[in-house]
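J.: I'd like to ask you about the structure that follows.
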Amino acid sequence: MAAPGDGEGRRRAPFGSRFLTDPARLFQHNAWDNVEWSEEQEAAAQRKVQENSVQFVPPDQQEAYEVNANQYWNEFYKTHENGFFKDRHWLFTEFPELAPNHNVGQNAKPLSEDSGTVQQSKTPGPGGCCGPGPGLMEETGASEHLPDSKTSSCRWHTQVETASRNLEAAELNEDFPGSSATYRILEVGCGAGNTVFPILQTNNDPDLFVYCCDFSSRAVDLVKAHPEYDTSRCFAFVHDLCNTQAPFPVPDESLDVVVLIFVLSALLPEKTQSVIHRLSQLLKPGGLILLRDYGRYDLAQLRFKKGQCLADNFYVRGDGTRVYFFTQGELDLLFSTAGLEKVQNLVDRRLQVNRGKQVTMYRVWIQCKYRKPLRPRGDRETHS
């Protein structure tokens with residue numbers, strides 16, 4: 001399962017950096033970031049949602065949509081194959097944790113309440129004694145500008161980290177796909193591979209291994225048929241997220257990053273909490289879940305007609321696939337209930353522009369990063 005992102009095959013300014021300060025320049029770019037809504041616009045969106053939510057789909061039909069969910073997604077990929085979604089090259093701007101030589105545990109620090117930006121960690125590593133983390137300074141070569149004492153300290157921490165990773169591999173002591181890798185990423189709801197292959201193309205770290213799964217067997221077949229699918233670097237498999245008893249091909253606490261791009265919104269809302277809890281079990285202590293999904297009052301929600309609403313803020317599309325529109329608070333509660341710590345939880349209010357047709361489209365997405373807490377020292381010693 002997957003849903004449209006906004007990536008384009010070119011570099012763009014980072015999220016939040018292109019502001020529309022002069023209305024006369026509206027059609028000079030394809031998109032504007034952090035567009036403030038007026039009270040009137042917010043009220044109009046609320047009225048539209050109230051209008052398209054007055055009539056719910058009958059319970060028997062709702063049950064059919066749930067029972068036949070796999071069929072609807074298989075039909076989607078049978079129809080569109082790999083031509084519907086664009087490759088998400090924006091991933092590395094929004095989620096540098098997916099880029100080469102990035103250690104998620106070293107600059108992902110929990111946020112204080114009401115904070116909206118990522119804070120840099122002061123722990124050893126790229127964001128600590130070895131200099132600024134990625135985004136402030138390139139990690140490569142940073143140590144040659146440090147005093148000798150700091151350089152020695154940096155090398156010591158690197159040796160400790162390497163030893164820790166070797167110990168981790170020994171503790172897993174299992175032969176599974178990617179078991180020899182030291183950095184593991186899982187994308188859930190991979191679709192035709194529009195996230196997986198940009199990661200593999202950009203991140204050539206020999207210690208990286210990428211897993212990807214989808215509810216649709218047709219989607220997984222498309223990934224495996226891709227000319228860049230390499231079983232020495234990637235493993236694609238069919239998986240039903242809502243069946244929390246279904247096994248994953250990796251042991252618990254073996255993943256550094258789990259990626260959820262427009263995925264949770266496709267699930268029955270009452271099943272989302274158990275899904276997040278199960279995914280959190282797969283993360284190493286310090287590992288991250290990265291999410292981008294639909295936000296409340298997104299254009300897609302406002303376009304639904306009466307008779308397509310399944311429950312509050314939950315709809316069925318014409319092809320039988322479903323979508324939920326989140327708030328920041330809902331996602332924060334879901335992740336914190338699963339024991340994860342907030343690193344980032346942002347609303348991306350973007351104004352997209354069709355310059356040819358002179359049409360404006362207001363999009364609302366939510367972008368999150370949540371971290372699994374590091375195990376207390378006593379627990380680490382017991383575990384080892």
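Ligands are numbered from 1 in the order shown, chains are lettered A, B, ... in the order of the structure tokens, and residues start at 1 in each chain.
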What lies within 7 Å of segment 227-243 of chain A using only C-alpha atoms, ignoring chain neighbours under 6 positions off, as a CSV table (one decimal) with N, CA and C atoms, in the first residue's frame?

T.:
```csv
chain,number,residue,atom,x,y,z
A,177,PRO,N,17.6,-12.7,6.2
A,177,PRO,CA,18.0,-11.8,5.2
A,177,PRO,C,18.6,-10.5,5.8
A,209,PHE,N,21.1,-2.6,4.6
A,209,PHE,CA,20.2,-3.6,4.0
A,209,PHE,C,18.8,-3.0,4.2
A,210,VAL,N,18.0,-3.1,3.1
A,210,VAL,CA,16.6,-2.5,3.1
A,210,VAL,C,15.6,-3.6,2.9
A,211,TYR,N,14.6,-3.6,3.8
A,211,TYR,CA,13.5,-4.5,3.7
A,211,TYR,C,12.3,-3.7,3.3
A,212,CYS,N,11.4,-4.3,2.5
A,212,CYS,CA,10.2,-3.6,2.1
A,212,CYS,C,9.0,-4.6,2.0
A,213,CYS,N,7.9,-4.2,2.5
A,213,CYS,CA,6.7,-5.1,2.4
A,213,CYS,C,5.5,-4.4,2.0
A,214,ASP,N,4.5,-5.1,1.5
A,214,ASP,CA,3.2,-4.5,1.1
A,214,ASP,C,2.1,-5.6,1.3
A,215,PHE,N,0.9,-5.1,1.5
A,215,PHE,CA,-0.2,-5.9,1.7
A,215,PHE,C,-0.6,-6.6,0.3
A,216,SER,N,-0.2,-5.9,-0.8
A,216,SER,CA,-0.5,-6.4,-2.1
A,216,SER,C,0.6,-7.2,-2.7
A,217,SER,N,0.3,-8.5,-3.0
A,217,SER,CA,1.3,-9.3,-3.7
A,217,SER,C,1.7,-8.8,-5.0
A,220,VAL,N,4.4,-6.2,-4.5
A,220,VAL,CA,5.7,-6.9,-4.2
A,220,VAL,C,6.3,-7.5,-5.4
A,271,LYS,N,-7.3,-0.3,14.3
A,271,LYS,CA,-6.2,-1.3,14.3
A,271,LYS,C,-4.8,-0.6,14.3
A,275,VAL,N,-0.7,-1.9,15.4
A,275,VAL,CA,0.3,-1.9,14.3
A,275,VAL,C,1.5,-1.2,14.7
```

J.: Excluding Glu51 of chain A and any residue of its chain fewer than 2 positions from it, enumerate the residues within 12 Å of it, using only C-alpha atoms, and give them as a list in words.

T.: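 So, after excluding close chain neighbours, the residues are Ala44, Ala45, Gln46, Arg47, Lys48, Val49, Ser53, Val54, Gln55, Phe56, Gln301, Leu302, Arg303, Phe304, Lys305, Lys306, Gly307, Gln308, Cys309, Asp312 and Asn313 of chain A.
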
J.: What are the closest atom pairs, with distances in Å to one decimal, for each residue of segment 267-359 of chain A lying within 10 Å of segment 66-71 of chain A, using only C-alpha atoms, rows by chain and rising residue number, as a Markdown table?

T.:
```
| residue | atom | partner | partner_atom | distance |
| --- | --- | --- | --- | --- |
| A:Leu267 | CA | A:Glu66 | CA | 9.0 |
| A:Leu268 | CA | A:Glu66 | CA | 7.7 |
| A:Gly320 | CA | A:Ala69 | CA | 7.5 |
| A:Thr321 | CA | A:Ala69 | CA | 6.9 |
| A:Arg322 | CA | A:Ala69 | CA | 8.6 |
```

J.: I want to know what sits within 9 Å of Thr337 of chain A, based on only C-alpha atoms, with residues of the same chain fewer than 4 positions away left out; could you give that as an MDAnalysis selection string?

T.: chainID A and resid 273 277 332:333

J.: Output the selection as an mmCIF file, in the first residue's frame - C-alpha atoms for each residue.

T.:
```cif
data_model
loop_
_atom_site.group_PDB
_atom_site.id
_atom_site.type_symbol
_atom_site.label_atom_id
_atom_site.label_comp_id
_atom_site.auth_asym_id
_atom_site.auth_seq_id
_atom_site.Cartn_x
_atom_site.Cartn_y
_atom_site.Cartn_z
ATOM 1 C CA GLN A 273 -2.415 1.321 17.623
ATOM 2 C CA HIS A 277 3.138 -1.257 18.833
ATOM 3 C CA ASP A 332 1.380 11.719 18.993
ATOM 4 C CA LEU A 333 -0.987 9.701 21.174
#
```

J.: Nearest to Ile276 of chain A: which of A:Tyr294, A:Trp365, A:Phe325, A:Tyr370 is it, counting only C-alpha atoms?

T.: A:Tyr370

J.: Please measure the separation of atom CA of Ala311 of chain A and atom CA of Phe335 of chain A, giving the value in Å to one decimal.

T.: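 The value is 21.7 Å.
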